[in-house]
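Participant: Just one file: structure.cif, with mmCIF, C-alpha atoms.
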data_input
loop_
_atom_site.label_atom_id
_atom_site.label_comp_id
_atom_site.auth_asym_id
_atom_site.auth_seq_id
_atom_site.Cartn_x
_atom_site.Cartn_y
_atom_site.Cartn_z
CA MET A 815 0.00 0.00 0.00
CA SER A 816 2.87 2.34 0.74
CA GLN A 817 4.18 1.58 -2.74
CA ALA A 818 0.83 2.33 -4.35
CA LEU A 819 0.56 5.62 -2.49
CA GLY A 820 4.22 6.53 -2.48
CA GLY A 821 5.81 9.76 -3.63
CA LEU A 822 4.17 12.03 -6.12
CA ARG A 823 0.86 10.19 -6.18
CA SER A 824 0.26 10.56 -2.45
CA TRP A 825 1.40 14.19 -2.63
CA LEU A 826 -1.18 14.83 -5.33
CA LEU A 827 -3.88 12.78 -3.60
CA GLN A 828 -3.37 14.77 -0.39
CA ARG A 829 -3.91 18.06 -2.22
CA ALA A 830 -6.83 16.94 -4.39
CA THR A 831 -8.68 15.55 -1.37
CA ALA A 832 -7.80 18.70 0.62
CA VAL A 833 -9.53 20.89 -1.98
CA TYR A 834 -12.71 18.77 -1.91
CA LEU A 835 -12.72 18.51 1.90
CA ALA A 836 -12.31 22.27 2.35
CA GLY A 837 -14.92 23.11 -0.29
CA PHE A 838 -17.55 20.69 0.99
CA ALA A 839 -16.96 21.59 4.66
CA VAL A 840 -17.40 25.29 3.95
CA TYR A 841 -20.50 24.57 1.83
CA VAL A 842 -22.13 22.54 4.63
CA ALA A 843 -21.27 25.14 7.28
CA VAL A 844 -22.66 28.01 5.20
CA ALA A 845 -25.79 26.11 4.10
CA LEU A 846 -26.65 25.01 7.65
CA ALA A 847 -25.97 28.46 9.09
CA ALA A 848 -28.18 30.08 6.43
CA THR A 849 -31.15 27.72 6.85
CA PRO A 850 -30.88 25.50 9.92
CA PRO A 851 -33.19 22.47 9.54
CA PRO A 852 -36.01 23.02 12.05
CA ASP A 853 -36.58 19.39 13.03
CA LEU A 854 -35.38 15.82 12.66
CA ALA A 855 -37.39 15.17 9.49
CA ALA A 856 -35.97 18.26 7.78
CA TRP A 857 -32.44 17.38 8.91
CA ARG A 858 -32.76 13.81 7.63
CA ALA A 859 -34.24 15.00 4.34
CA TRP A 860 -31.38 17.47 3.95
CA VAL A 861 -28.60 14.96 4.67
CA LEU A 862 -30.12 11.98 2.88
CA ALA A 863 -31.27 13.69 -0.34
CA PRO A 864 -29.49 11.57 -2.96
CA PRO A 865 -27.17 14.20 -4.48
CA ARG A 866 -26.07 15.46 -1.08
CA ALA A 867 -25.76 11.95 0.36
CA ILE A 868 -23.45 11.05 -2.55
CA ALA A 869 -21.45 14.24 -2.07
CA THR A 870 -21.24 13.42 1.64
CA ALA A 871 -20.09 9.87 0.90
CA LEU A 872 -17.39 11.31 -1.39
CA PHE A 873 -16.44 13.69 1.41
CA PHE A 874 -15.83 10.81 3.80
CA ILE A 875 -13.95 8.76 1.19
CA ALA A 876 -11.74 11.80 0.60
CA LEU A 877 -11.43 12.31 4.38
CA LEU A 878 -10.30 8.74 5.02
CA ALA A 879 -7.79 8.84 2.14
CA HIS A 880 -6.49 12.22 3.35
CA ALA A 881 -6.23 10.89 6.91
CA TRP A 882 -4.36 7.82 5.72
CA VAL A 883 -1.74 9.77 3.78
CA GLY A 884 -1.34 12.25 6.63
CA VAL A 885 -1.02 9.66 9.40
CA ARG A 886 1.34 7.62 7.25
CA ASP A 887 3.61 10.64 6.74
CA VAL A 888 3.61 11.41 10.46
CA ALA A 889 4.26 7.77 11.40
CA LEU A 890 7.13 7.48 8.91
CA ASP A 891 8.73 10.58 10.43
CA TYR A 892 8.21 10.02 14.14
CA VAL A 893 7.62 6.32 14.87
CA ARG A 894 11.10 4.95 14.60
CA PRO A 895 10.97 1.25 15.60
CA ALA A 896 9.80 -0.54 12.43
CA GLU A 897 7.56 -3.01 14.30
CA LEU A 898 5.81 -0.26 16.20
CA ARG A 899 5.39 1.77 13.01
CA LEU A 900 3.84 -1.20 11.23
CA THR A 901 1.51 -1.78 14.18
CA VAL A 902 0.43 1.87 14.28
CA LEU A 903 -0.21 1.91 10.54
CA ALA A 904 -2.15 -1.36 10.68
CA VAL A 905 -4.34 -0.11 13.53
CA VAL A 906 -4.99 3.19 11.77
CA ALA A 907 -5.80 1.44 8.47
CA LEU A 908 -8.30 -0.86 10.20
CA ALA A 909 -9.86 2.05 12.10
CA LEU A 910 -10.23 4.09 8.91
CA LEU A 911 -11.76 1.16 6.99
CA ALA A 912 -14.18 0.54 9.86
CA GLN A 913 -15.21 4.17 9.78
CA GLY A 914 -15.76 3.92 6.03
CA LEU A 915 -18.21 1.06 6.65
CA TRP A 916 -19.84 3.08 9.41
CA VAL A 917 -20.36 6.03 7.05
CA ALA A 918 -21.87 3.70 4.44
CA ARG A 919 -24.28 2.40 7.07
CA ILE A 920 -25.22 5.91 8.23
CA LEU A 921 -25.92 7.09 4.69
CA LEU A 922 -27.49 3.94 3.24
CA VAL A 923 -29.44 2.41 6.10
CA THR A 924 -32.10 5.04 6.49
CA GLY A 925 -34.28 3.37 9.09
CA PRO A 926 -35.79 5.47 11.89
CA MET B 746 10.15 3.90 3.22
CA GLY B 747 13.28 3.11 5.20
CA THR B 748 15.50 6.17 5.21
CA THR B 749 17.17 6.18 8.59
CA THR B 750 19.79 8.38 10.12
CA GLU B 751 21.60 5.26 11.32
CA SER B 752 22.55 4.31 7.78
CA ARG B 753 23.78 7.75 6.76
CA PRO B 754 26.48 7.04 4.17
CA LEU B 755 29.06 9.43 5.60
CA GLY B 756 28.54 8.03 9.06
CA ARG B 757 28.78 11.51 10.49
CA ARG B 758 26.93 11.92 13.76
CA ARG B 759 24.62 14.88 13.58
CA PRO B 760 24.49 17.13 16.63
CA ARG B 761 21.52 16.59 18.90
CA PHE B 762 20.23 19.66 20.62
CA LEU B 763 17.02 19.01 22.43
CA ASN B 764 16.98 21.74 25.06
CA LEU B 765 13.46 22.88 24.22
CA THR B 766 13.83 26.18 26.05
CA GLN B 767 16.73 27.17 23.84
CA ILE B 768 15.55 25.91 20.47
CA ARG B 769 14.22 28.86 18.50
CA LEU B 770 11.39 27.59 16.38
CA PRO B 771 10.75 29.69 13.27
CA VAL B 772 7.09 30.63 12.88
CA GLY B 773 6.90 28.65 9.63
CA ALA B 774 8.03 25.51 11.44
CA LEU B 775 5.47 26.14 14.18
CA ALA B 776 2.77 26.51 11.51
CA SER B 777 3.89 23.26 9.88
CA LEU B 778 4.08 21.13 13.01
CA SER B 779 0.80 22.57 14.28
CA HIS B 780 -0.75 21.50 10.98
CA ARG B 781 0.44 17.95 11.65
CA ALA B 782 -0.68 18.02 15.28
CA SER B 783 -4.13 19.35 14.35
CA GLY B 784 -4.38 16.69 11.63
CA VAL B 785 -3.68 13.91 14.11
CA LEU B 786 -6.26 15.42 16.49
CA LEU B 787 -8.83 15.48 13.68
CA VAL B 788 -8.19 11.80 12.87
CA LEU B 789 -8.79 11.00 16.54
CA ALA B 790 -11.96 13.14 16.56
CA THR B 791 -13.45 11.60 13.39
CA PRO B 792 -15.17 8.69 15.21
CA LEU B 793 -16.76 11.24 17.54
CA ALA B 794 -18.03 13.24 14.56
CA LEU B 795 -19.49 10.07 12.98
CA PHE B 796 -21.14 9.19 16.28
CA LEU B 797 -22.73 12.66 16.45
CA LEU B 798 -23.93 12.46 12.83
CA ASP B 799 -25.38 8.98 13.40
CA ARG B 800 -27.19 9.99 16.58
CA SER B 801 -28.46 13.26 15.13
CA LEU B 802 -30.14 11.41 12.24
CA HIS B 803 -32.04 9.03 14.53
CA ASP B 804 -32.84 10.90 17.71
CA PRO B 805 -34.64 14.27 17.71
CA ASP B 806 -33.32 14.98 21.22
CA ALA B 807 -29.73 13.93 20.48
CA ALA B 808 -28.32 17.45 20.70
CA ARG B 809 -30.07 18.22 23.98
CA GLU B 810 -29.16 14.85 25.54
CA LEU B 811 -25.50 14.99 24.50
CA TRP B 812 -25.12 18.58 25.60
CA GLY B 813 -26.83 17.74 28.89
CA ALA B 814 -24.25 15.01 29.43
CA VAL B 815 -21.28 17.39 29.22
CA ALA B 816 -22.74 20.80 30.11
CA GLY B 817 -22.15 20.53 33.87
CA SER B 818 -18.60 19.23 33.65
CA PRO B 819 -15.45 21.34 33.34
CA TRP B 820 -14.33 18.77 30.73
CA ARG B 821 -16.65 20.51 28.26
CA LEU B 822 -13.79 23.01 27.77
CA LEU B 823 -11.90 20.22 25.97
CA LEU B 824 -14.26 20.91 23.07
CA VAL B 825 -11.97 23.82 22.14
CA LEU B 826 -9.44 21.20 20.97
CA PRO B 827 -11.38 19.78 18.00
CA VAL B 828 -12.61 23.28 17.12
CA TRP B 829 -9.05 24.61 17.11
CA ALA B 830 -7.87 21.57 15.15
CA LEU B 831 -10.55 21.98 12.49
CA ALA B 832 -10.17 25.76 12.12
CA TYR B 833 -6.38 25.68 12.16
CA HIS B 834 -6.04 22.65 9.86
CA LEU B 835 -8.36 24.30 7.30
CA LEU B 836 -6.57 27.68 7.42
CA ALA B 837 -3.06 26.25 7.39
CA GLY B 838 -4.05 23.77 4.67
CA LEU B 839 -5.29 26.60 2.45
CA ARG B 840 -2.00 28.40 3.12
CA PHE B 841 -0.01 25.34 2.04
CA LEU B 842 -2.12 25.01 -1.11
CA ALA B 843 -1.39 28.66 -1.92
CA LEU B 844 2.33 28.07 -1.33
CA ASP B 845 2.16 25.01 -3.63
CA LEU B 846 0.77 27.30 -6.31
CA GLY B 847 3.70 29.65 -5.79
CA ARG B 848 1.69 32.33 -3.96
CA GLY B 849 3.33 34.09 -1.05
CA GLU B 850 6.58 32.16 -1.20
CA SER B 851 8.88 35.04 -0.23
CA LEU B 852 10.17 34.75 3.33
CA PRO B 853 8.40 37.85 4.69
CA ALA B 854 5.09 36.85 3.05
CA ALA B 855 5.36 33.24 4.23
CA ARG B 856 6.16 34.32 7.77
CA ALA B 857 3.27 36.79 7.77
CA SER B 858 0.77 34.20 6.48
CA ALA B 859 2.05 31.67 9.05
CA LYS B 860 1.26 34.18 11.81
CA VAL B 861 -2.17 34.88 10.32
CA VAL B 862 -3.22 31.21 10.27
CA LEU B 863 -1.81 30.57 13.76
CA LEU B 864 -3.74 33.56 15.13
CA GLY B 865 -6.86 32.49 13.19
CA GLY B 866 -6.77 29.08 14.86
CA LEU B 867 -6.26 30.66 18.28
CA ALA B 868 -9.13 33.08 17.67
CA ALA B 869 -11.49 30.19 16.84
CA ALA B 870 -10.35 28.36 19.99
CA LEU B 871 -10.78 31.44 22.18
CA ALA B 872 -14.24 32.20 20.77
CA THR B 873 -15.30 28.61 21.46
CA GLY B 874 -13.81 28.70 24.94
CA ALA B 875 -15.66 31.94 25.72
CA ALA B 876 -18.92 30.44 24.46
CA LEU B 877 -18.42 27.36 26.65
CA LEU B 878 -17.67 29.26 29.86
#
How does the structure come out when it is put into structure tokens?
Facilitator:
Amino acid sequence: MSQALGGLRSWLLQRATAVYLAGFAVYVAVALAATPPPDLAAWRAWVLAPPRAIATALFFIALLAHAWVGVRDVALDYVRPAELRLTVLAVVALALLAQGLWVARILLVTGP
Amino acid sequence: MGTTTESRPLGRRRPRFLNLTQIRLPVGALASLSHRASGVLLVLATPLALFLLDRSLHDPDAARELWGAVAGSPWRLLLVLPVWALAYHLLAGLRFLALDLGRGESLPAARASAKVVLLGGLAAALATGAALL
């Protein structure tokens, strides 16, 4: 995985995801501040409307990729023992994948 | 992966100087390491954000219940940490994107923008802290 994301590609991925994360975060903050959903039904309708749910899913995919590249860079710089570094990266990778599944459940399983 | 100081080809030992009170950290370095620190904080806070999103979509009283759980405790002031991390990481990230595009690369401009984003993050933290008091 470090090969697939090494060097220029991870540099570019970090910046491309950064642009989407910043843009979407500012959009959500401004939209919610302008017209706060009055109740649960309005909030659910706002979040789960298909175009916005897809944009939100993309946001979290970008977030998890961005987090992975960032944590990997930090771990490579500061976690010196190789075994510990591998352990940290494995734990982080599992945690990020689990959160990806959690996001999918939040956005797709729309039960009450 | 795998560049280590131990296997430095010249074998020269680099000086170690870790007296933190005497190391003068340039403001650009402070901006950079704060960006990393805030990023790590945000990764740690992401599960909390997902939990809040999940709850908010299923429980009309989620906000009131969750706030009620922390409102009486002094620990609520810890909420300034994720707010600082988010505000600072966004501001400093935009600064790095601008630098990548070749904007503001001169030393005076880079130092000035580093101060601006550091102060912006602190301002967000202070405003949140004041609101929580």
Participant: Once the PyMOL selection byres ((chain A) within 9 of (chain B)) is applied to the coordinates I shared, what remains selected? I want it as a VMD selection string.
Facilitator: chain A and resid 816 to 817 820 829 832 to 833 836 853 to 855 857 to 858 861 878 881 884 to 885 888 890 894 896 910 913 916 to 917 920 to 921 924 to 926
Participant: Running the PyMOL selection byres ((chain A and resi 876) around 9) on this model by hand, what would come out? Give it as a list in words.
Facilitator: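 Written out, the selection comes to Leu827, Gln828, Ala830, Thr831, Ala832, Tyr834, Leu835, Ala871, Leu872, Phe873, Phe874, Ile875, Leu877, Leu878, Ala879, His880 and Ala881 of chain A.
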Participant: Can you measure atom CA of Arg899 of chain A to atom CA of Val883 of chain A for me? One decimal in Å is fine.
Facilitator: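 Distance reported for this atom pair: 14.1 Å.
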Participant: May I ask which of the residues A:Ala848, A:Leu862, A:Ala843, A:Ala856 is the closest one to Leu922 of chain A, counting only C-alpha atoms?
Facilitator: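 Using only C-alpha atoms, the shortest distance to Leu922 of chain A belongs to A:Leu862.
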Participant: May I ask for the distance between atom CA of Leu863 of chain B and atom CA of Leu778 of chain B, given in Å to one decimal place?
Facilitator: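 Calculated distance between atom CA of Leu863 of chain B and atom CA of Leu778 of chain B is 11.2 Å.
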Participant: Can you translate the PyMOL selection byres ((chain A and resi 903) around 10) into the concrete residues it hits in this file, as a ChimeraX atom specification?
Facilitator: /A:882,885-886,889-890,893,897-902,904-909
Participant: Quick one, how far is atom CA of Val840 of chain A from atom CA of Thr873 of chain B?
Facilitator: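 About the pair atom CA of Val840 of chain A and atom CA of Thr873 of chain B: they are 17.9 Å apart.
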Participant: Given only C-alpha atoms as the basis, pick out the residue of A:Leu911, A:Tyr892, A:Trp825, A:Arg866 nearest to Ala845 of chain A.
Facilitator: A:Arg866
Participant: What box, with edges along x, y and z, holds each listed atom of segment 778-787 of chain B when 6 Å is added on every side, and can you state its centre and edge lengths in Å to one decimal, as lines of an AutoDock Vina configuration file?
Facilitator:
center_x = -2.4
center_y = 18.2
center_z = 13.7
size_x = 24.9
size_y = 20.7
size_z = 17.5
Participant: I'd like the neighbourhood of segment 811-828 of chain B as an mmCIF file with C-alpha atoms, in the frame of the given file, where a residue qualifies if any of its atoms comes within 8 Å (using all atoms listed in the file), though same-chain residues fewer than 6 positions away should be ignored.
Facilitator:
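Listed below is the output, around.cif:
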data_model
loop_
_atom_site.group_PDB
_atom_site.id
_atom_site.type_symbol
_atom_site.label_atom_id
_atom_site.label_comp_id
_atom_site.auth_asym_id
_atom_site.auth_seq_id
_atom_site.Cartn_x
_atom_site.Cartn_y
_atom_site.Cartn_z
ATOM 1 C CA LEU B 786 -6.260 15.420 16.490
ATOM 2 C CA LEU B 787 -8.830 15.480 13.680
ATOM 3 C CA ALA B 790 -11.960 13.140 16.560
ATOM 4 C CA ALA B 869 -11.490 30.190 16.840
ATOM 5 C CA ALA B 870 -10.350 28.360 19.990
ATOM 6 C CA LEU B 871 -10.780 31.440 22.180
ATOM 7 C CA THR B 873 -15.300 28.610 21.460
ATOM 8 C CA GLY B 874 -13.810 28.700 24.940
ATOM 9 C CA LEU B 877 -18.420 27.360 26.650
ATOM 10 C CA LEU B 878 -17.670 29.260 29.860
#
Participant: Need the shell around Ala855 of chain B: protein/DNA/RNA residues with any atom at most 10 Å away, counting all atoms listed in the file. Skip same-chain ones fewer than 3 positions apart. Format as a list of chain:residue names?
Facilitator: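 Within the cut-off, the hits are B:Val772, B:Gly773, B:Arg840, B:Phe841, B:Leu844, B:Arg848, B:Gly849, B:Glu850, B:Ser851, B:Leu852, B:Ser858, B:Ala859, B:Lys860, B:Val861.
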Participant: Can I get the selected residues back with C-alpha atoms, as a PDB file, in the coordinates of the input?
Facilitator:
ATOM      1  CA  VAL B 772       7.090  30.630  12.880  1.00  0.00           C
ATOM      2  CA  GLY B 773       6.900  28.650   9.630  1.00  0.00           C
ATOM      3  CA  ARG B 840      -2.000  28.400   3.120  1.00  0.00           C
ATOM      4  CA  PHE B 841      -0.010  25.340   2.040  1.00  0.00           C
ATOM      5  CA  LEU B 844       2.330  28.070  -1.330  1.00  0.00           C
ATOM      6  CA  ARG B 848       1.690  32.330  -3.960  1.00  0.00           C
ATOM      7  CA  GLY B 849       3.330  34.090  -1.050  1.00  0.00           C
ATOM      8  CA  GLU B 850       6.580  32.160  -1.200  1.00  0.00           C
ATOM      9  CA  SER B 851       8.880  35.040  -0.230  1.00  0.00           C
ATOM     10  CA  LEU B 852      10.170  34.750   3.330  1.00  0.00           C
ATOM     11  CA  SER B 858       0.770  34.200   6.480  1.00  0.00           C
ATOM     12  CA  ALA B 859       2.050  31.670   9.050  1.00  0.00           C
ATOM     13  CA  LYS B 860       1.260  34.180  11.810  1.00  0.00           C
ATOM     14  CA  VAL B 861      -2.170  34.880  10.320  1.00  0.00           C
TER      15      VAL B 861
END
Participant: So, counting only C-alpha atoms, which residue among A:Val923, A:Ala912, A:Phe838, A:Gly821 is closest to Ala869 of chain A?
Facilitator: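 Counting only C-alpha atoms, the residue closest to Ala869 of chain A is A:Phe838.
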Participant: Using only C-alpha atoms, which residue out of B:Ala776, B:Ala830, B:Leu793, B:Leu763 lies closest to Ala868 of chain B?
Facilitator: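 Of B:Ala776, B:Ala830, B:Leu793, B:Leu763, the one nearest Ala868 of chain B, counting only C-alpha atoms, is B:Ala830.
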